[in-house]
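Enquirer: Before anything else, here's the structure in question.
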Amino acid sequence: MKILYFGGQKSGKSNLAEQKTLEISSKKPYYLATYDNSFNDKEMHKRVDKHKLQRKEQFTTIEEPKDLLKILKSGETFLVDCMSMWLFNNIQENEEYLINQLEEISKLDANIVFVLNDVNSGIIPFDNESRKFVDMTGIIGQKLAQICDEVYEVKLGLASRLK
Amino acid sequence: MKILYFGGQKSGKSNLAEQKTLEISSKKPYYLATYDNSFNDKEMHKRVDKHKLQRKEQFTTIEEPKDLLKILKSGETFLVDCMSMWLFNNIQENEEYLINQLEEISKLDANIVFVLNDVNSGIIPFDNESRKFVDMTGIIGQKLAQICDEVYEVKLGLASRLK
Amino acid sequence: MKILYFGGQKSGKSNLAEQKTLEISSKKPYYLATYDNSFNDKEMHKRVDKHKLQRKEQFTTIEEPKDLLKILKSGETFLVDCMSMWLFNNIQENEEYLINQLEEISKLDANIVFVLNDVNSGIIPFDNESRKFVDMTGIIGQKLAQICDEVYEVKLGLASRLK
């Protein structure tokens with residue numbers, strides 16, 4: 001089963017995705033953290049630490065910023081938090097490669113809960129990089145929604161089912 | 001019948017609006033492209049070309065950046081893609097003029113499917129022009145929703161009916 | 001009863017919140033304006049004036065930019081427009097203080113209709129202040145949704161119930 005939680009900044013999507021992962025998992029699930037530690041961003045470290053504390057001992061954490069297929073495998077349950085960071089880390093790859101990665105992931109007989117940031121409903125940024133990131137989030141997000149059995153939008157900690 | 005598809009950047013709204021237009025049309029519908037070619041924006045040209053390919057031969061394309069009432073008429077089916085570009089091209093006009101245009105359009109006995117970008121749910125931009133565009137999108141978008149029989153929000157290629 | 005209207009810029013949320021406040025109030029309700037007049041922002045003054053005209057004589061207006069508990073009290077009906085401005089005016093306070101304020105408010109036996117801006121679904125702003133405001137809106141917004149009996153998202157003047 002594949003499930004997507006989609007929402008804005010600090011919408012509570014990770015929290016709901018964590019709960020869902022624990023619910024659908026019969027054994028200890030994996031937490032696949034896509035944050036690239038090599039950036040050394042203090043603000044991000046603080047967020048990561050807060051998240052880690054929240055997750056306590058319920059997940060086995062694995063860090064992998066780029067190649068999800070190296071980690072994901074059939075027969076296990078994974079929470080991938082988050083796909084936006086994965087996309088950001090792969091922004092130099094072409095669209096077809098990323099779409100293909102999602103198709104490969106869809107073939108796995110695993111429970112995977114994905115988290116994706118909604119960055120698409122504000123004013124279109126002027127700089128090319130932000131624009132590309134927004135566009136790719138939309139394109140890759142549509143594909144991700146397509147391969148998922150359930151899609152939830154999260155606002156203010158409240159989930160609405162889109163699919 | 002008037003229908004509005006509203007969604008963020010790369011949400012899949014144009015695609016769903018195209019499908020809907022073809023569904024409700026008994027003869028070949030018109031595609032009213034509001035993109036102003038005079039800007040000569042390469043990035044935009046690439047998007048326009050990709051869209052044109054997707055539409056193939058199913059629509060008769062007409063380009064009109066500003067005056068929709070010059071093209072829209074009773075007895076036909078139109079897809080207007082998109083109202084955000086029309087608004088952008090008319091940003092120097094006052095609110096009353098634009099509201100009035102929508103009221104005139106609402107009187108036409110035509111099938112019209114509108115597409116509008118959601119730019120209203122991010123941080124408020126600092127510059128006056130962006131702020132004006134965001135505000136006008138909200139004001140004109142509310143009027144547009146009012147004159148439409150059906151309103152859909154699109155996220156990740158998935159439509160939710162708002163009206 | 002506590003009710004939250006949440007939506008983007010110019011989504012029509014204040015208008016719907018005003019109607020709801022009048023509906024649930026058995027006597028003249030209070031309009032608690034959180035706008036801080038000391039900023040002397042012309043654009044904001046124009047908005048405030050337009051709002052005031054719309055509200056006519058149906059509300060008793062009180063201005064309080066920071067300390068809502070100085071004004072809110074049991075036995076009355078209030079429209080707080082808006083919580084984003086209150087948050088902005090309190091941005092130097094810590095998260096715990098603000099969460100605690102909301103907990104105190106939740107204990108009041110009053111009808112309170114809150115308005116909150118959705119600023120969380122666009123690209124994450126680069127500057128620290130905007131980022132902090134976006135994050136705090138998400139965190140405080142989740143708490144606000146939690147203490148409310150009803151939560152509505154407003155898009156294009158159309159409300160969808162989230163809770």
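Identifiers in the structure tokens: chain A, B, ... in order shown; residue index from 1 per chain; ligand index from 1 in order shown.
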Just want the 7 Å neighbourhood of range 133-137 of chain B, counted on only C-alpha atoms, with same-chain residues fewer than 6 positions away dropped. Output as a compact mmCIF listing (two decimals) with N, CA and C atoms, in the first residue's frame.
Expert:
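out_7.txt, written as the output of this step:
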```
# COMPACT_ATOMS: atom_id res chain seq x y z
N VAL B 119 -2.79 31.57 -6.57
CA VAL B 119 -1.56 32.24 -6.15
C VAL B 119 -1.74 32.85 -4.76
N ASN B 120 -2.84 32.50 -4.09
CA ASN B 120 -3.26 33.23 -2.89
C ASN B 120 -2.88 32.60 -1.57
N GLN C 9 -5.04 34.91 0.79
CA GLN C 9 -5.24 36.34 0.55
C GLN C 9 -6.47 36.57 -0.35
N LYS C 10 -7.38 37.46 0.08
CA LYS C 10 -8.58 37.79 -0.71
C LYS C 10 -9.39 36.56 -1.11
```
Enquirer: Please identify all polymer residues within 9 Å of Lys66 in chain C, counting only C-alpha atoms, omitting same-chain residues fewer than 3 positions from it, and present them as a list in words.
Expert: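 Answer for this query is Thr34, Asp36, Met85, Trp86, Leu87, Asn89 and Asn90 of chain C.
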Enquirer: Specify as a PyMOL selection string all residues of chain A found within 8 Å of chain C, counting only C-alpha atoms.
Expert: chain A and resi 7-12+117-123+125+130+134+156-160
Enquirer: Convert the current residue selection to file output with all heavy atoms, as a short mmCIF file (atom, residue, chain, number, x, y, z; two decimals), in the first residue's frame.
Expert:
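What ended up in part01.cif:
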```cif
data_model
loop_
_atom_site.label_atom_id
_atom_site.label_comp_id
_atom_site.auth_asym_id
_atom_site.auth_seq_id
_atom_site.Cartn_x
_atom_site.Cartn_y
_atom_site.Cartn_z
N GLY A 7 0.99 18.67 2.02
CA GLY A 7 0.51 19.84 2.75
C GLY A 7 1.55 20.93 2.81
O GLY A 7 2.73 20.71 2.46
N GLY A 8 1.14 22.09 3.23
CA GLY A 8 2.02 23.24 3.32
C GLY A 8 3.01 23.09 4.47
O GLY A 8 2.99 22.13 5.24
N GLN A 9 3.85 24.10 4.55
CA GLN A 9 4.84 24.24 5.62
C GLN A 9 4.15 24.19 6.99
O GLN A 9 3.16 24.89 7.21
CB GLN A 9 5.50 25.62 5.40
CG GLN A 9 6.73 25.89 6.14
CD GLN A 9 7.88 24.99 5.69
OE1 GLN A 9 7.74 24.13 4.83
NE2 GLN A 9 9.01 25.17 6.33
N LYS A 10 4.64 23.35 7.91
CA LYS A 10 4.10 23.23 9.27
C LYS A 10 2.59 22.97 9.30
O LYS A 10 1.85 23.57 10.08
CB LYS A 10 4.39 24.50 10.09
CG LYS A 10 5.84 24.75 10.37
CD LYS A 10 6.38 23.85 11.45
CE LYS A 10 7.88 24.05 11.61
NZ LYS A 10 8.50 22.93 12.30
N SER A 11 2.16 22.11 8.40
CA SER A 11 0.73 21.79 8.34
C SER A 11 0.38 20.60 9.23
O SER A 11 -0.79 20.28 9.42
CB SER A 11 0.34 21.46 6.90
OG SER A 11 1.12 20.37 6.42
N GLY A 12 1.42 19.92 9.75
CA GLY A 12 1.17 18.73 10.55
C GLY A 12 1.18 17.45 9.72
O GLY A 12 0.83 16.39 10.21
N ASN A 117 5.73 18.41 0.35
CA ASN A 117 5.37 19.81 0.63
C ASN A 117 4.54 20.41 -0.48
O ASN A 117 4.88 20.27 -1.65
CB ASN A 117 6.65 20.67 0.70
CG ASN A 117 7.23 20.73 2.08
OD1 ASN A 117 6.73 20.09 3.00
ND2 ASN A 117 8.30 21.49 2.23
N ASP A 118 3.47 21.12 -0.13
CA ASP A 118 2.72 21.90 -1.11
C ASP A 118 3.41 23.26 -1.25
O ASP A 118 3.34 24.09 -0.35
CB ASP A 118 1.28 22.08 -0.64
CG ASP A 118 0.44 22.85 -1.65
OD1 ASP A 118 0.98 23.24 -2.70
OD2 ASP A 118 -0.76 23.06 -1.38
N VAL A 119 4.08 23.45 -2.36
CA VAL A 119 4.75 24.75 -2.60
C VAL A 119 4.13 25.42 -3.82
O VAL A 119 4.62 26.42 -4.32
CB VAL A 119 6.27 24.57 -2.85
CG1 VAL A 119 6.96 24.03 -1.62
CG2 VAL A 119 6.56 23.68 -4.06
N ASN A 120 3.00 24.89 -4.31
CA ASN A 120 2.48 25.30 -5.61
C ASN A 120 1.38 26.34 -5.61
O ASN A 120 0.94 26.78 -6.67
CB ASN A 120 1.99 24.05 -6.36
CG ASN A 120 3.12 23.06 -6.61
OD1 ASN A 120 3.64 22.49 -5.67
ND2 ASN A 120 3.54 22.94 -7.84
N SER A 121 0.92 26.75 -4.42
CA SER A 121 -0.24 27.64 -4.41
C SER A 121 0.06 29.07 -3.99
O SER A 121 -0.82 29.78 -3.53
CB SER A 121 -1.32 27.05 -3.49
OG SER A 121 -1.69 25.78 -3.94
N GLY A 122 1.29 29.51 -4.16
CA GLY A 122 1.61 30.91 -3.90
C GLY A 122 1.97 31.58 -5.21
O GLY A 122 1.82 31.00 -6.27
N ILE A 123 2.41 32.80 -5.11
CA ILE A 123 2.83 33.52 -6.30
C ILE A 123 4.04 32.80 -6.91
O ILE A 123 4.86 32.24 -6.20
CB ILE A 123 3.17 35.00 -5.94
CG1 ILE A 123 3.25 35.88 -7.17
CG2 ILE A 123 4.43 35.12 -5.11
CD1 ILE A 123 1.96 36.52 -7.56
N PRO A 125 7.53 32.15 -8.12
CA PRO A 125 8.79 32.86 -7.82
C PRO A 125 9.47 33.34 -9.11
O PRO A 125 9.33 32.71 -10.16
CB PRO A 125 9.64 31.80 -7.13
CG PRO A 125 8.76 30.64 -6.86
CD PRO A 125 7.61 30.73 -7.79
N SER A 130 13.86 28.44 -8.13
CA SER A 130 12.62 28.24 -7.37
C SER A 130 11.51 27.81 -8.31
O SER A 130 10.72 26.91 -8.01
CB SER A 130 12.21 29.53 -6.67
OG SER A 130 13.14 29.88 -5.68
N VAL A 134 9.31 24.47 -8.01
CA VAL A 134 7.85 24.50 -7.93
C VAL A 134 7.25 23.64 -9.05
O VAL A 134 6.38 22.78 -8.80
CB VAL A 134 7.32 25.95 -8.01
CG1 VAL A 134 5.81 25.97 -8.19
CG2 VAL A 134 7.70 26.73 -6.76
N LEU A 156 -3.60 22.64 8.78
CA LEU A 156 -3.83 22.88 10.21
C LEU A 156 -3.94 21.58 11.02
O LEU A 156 -4.73 21.51 11.96
CB LEU A 156 -5.09 23.72 10.41
CG LEU A 156 -5.12 25.08 9.70
CD1 LEU A 156 -6.51 25.70 9.84
CD2 LEU A 156 -4.08 26.02 10.28
N GLY A 157 -3.22 20.56 10.60
CA GLY A 157 -3.25 19.29 11.31
C GLY A 157 -4.44 18.42 10.96
O GLY A 157 -4.61 17.34 11.52
N LEU A 158 -5.28 18.88 10.02
CA LEU A 158 -6.49 18.16 9.62
C LEU A 158 -6.33 17.60 8.22
O LEU A 158 -5.98 18.34 7.29
CB LEU A 158 -7.70 19.10 9.68
CG LEU A 158 -7.93 19.81 11.02
CD1 LEU A 158 -8.91 20.97 10.85
CD2 LEU A 158 -8.46 18.83 12.07
N ALA A 159 -6.59 16.30 8.06
CA ALA A 159 -6.41 15.67 6.75
C ALA A 159 -7.72 15.59 5.98
O ALA A 159 -8.77 15.26 6.54
CB ALA A 159 -5.85 14.27 6.94
N SER A 160 -7.67 15.92 4.68
CA SER A 160 -8.81 15.71 3.78
C SER A 160 -8.34 14.71 2.72
O SER A 160 -7.28 14.89 2.13
CB SER A 160 -9.20 17.00 3.06
OG SER A 160 -9.38 18.05 3.96
#
```
Enquirer: In Å to one decimal, how far is CA of Val154 in chain C from CA of Asp67 in chain C?
Expert: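 According to the coordinates, CA of Asp67 in chain C and CA of Val154 in chain C are separated by 26.3 Å.
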Enquirer: Identify, on the basis of only C-alpha atoms, every residue whose closest approach to Glu23 in chain B does not exceed 12 Å; exclude the query and any residue fewer than 6 positions from it along the same chain; express the result as a PDB file with C-alpha atoms, in the first residue's frame.
Expert:
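The resulting file, result-v8.pdb, is shown below:
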```
ATOM      1  CA  LEU B  16      -8.583  18.297 -16.369  1.00  0.00           C
ATOM      2  CA  ALA B  17     -10.171  21.424 -17.857  1.00  0.00           C
ATOM      3  CA  PRO B  29     -14.578  23.353 -29.051  1.00  0.00           C
ATOM      4  CA  GLN B  58      -9.168  18.381 -30.731  1.00  0.00           C
ATOM      5  CA  THR B  77     -17.913  25.677 -26.295  1.00  0.00           C
ATOM      6  CA  PHE B  78     -14.730  27.385 -25.111  1.00  0.00           C
ATOM      7  CA  LEU B  79     -11.792  26.548 -22.904  1.00  0.00           C
ATOM      8  CA  ASN B 111     -20.248  26.413 -22.500  1.00  0.00           C
ATOM      9  CA  VAL B 113     -14.488  26.227 -18.994  1.00  0.00           C
TER      10      VAL B 113
END
```
Enquirer: If you run DSSP over the backbone, which residues in chain B end up strand (DSSP E or B)? Put them as a PyMOL selection string.
Expert: chain B and resi 2-7+30-33+60-63+77-81+111-117+150-155+158-161
Enquirer: Do you have the CA of Ile71 in chain A-CA of Ile105 in chain A distance handy?
Expert: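 Going from CA of Ile71 in chain A over to CA of Ile105 in chain A, I get 10.5 Å.
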Enquirer: Would you list, as number ranges by chain, the residues of chain B that end up in helix (DSSP H, G or I) under DSSP run on this structure's backbone?
Expert: B: 13-24, 37-39, 42-55, 68-70, 83-89, 95-107, 128-147
Enquirer: Might you pull out every residue within 10 Å of range 106-109 of chain A, with only C-alpha atoms counted and same-chain residues fewer than 4 positions away left off, and present them as JSON, numbers by chain?
Expert: {"A": [1, 2, 69, 72, 73, 74, 75, 76, 77, 100, 101, 102, 144, 146, 147, 148]}
Enquirer: Just the number, please: distance in Å from CA of Glu129 in chain C to CA of Glu96 in chain C, one decimal.
Expert: 18.4 Å
Enquirer: List the spatial neighbours of Met83 in chain A as number ranges by chain - criterion: any atom at most 7 Å away, only C-alpha atoms, same-chain residues fewer than 5 positions off excluded.
Expert: A: 114-116
Enquirer: Any chance you could export the current selection's C-alpha atoms as a PDB file, in the first residue's frame?
Expert:
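The resulting file, selection29.pdb, is shown below:
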```pdb
ATOM      1  CA  PHE A 114       5.282   9.560   1.418  1.00  0.00           C
ATOM      2  CA  VAL A 115       5.358  13.155   2.626  1.00  0.00           C
ATOM      3  CA  LEU A 116       5.360  16.027   0.102  1.00  0.00           C
TER       4      LEU A 116
END
```
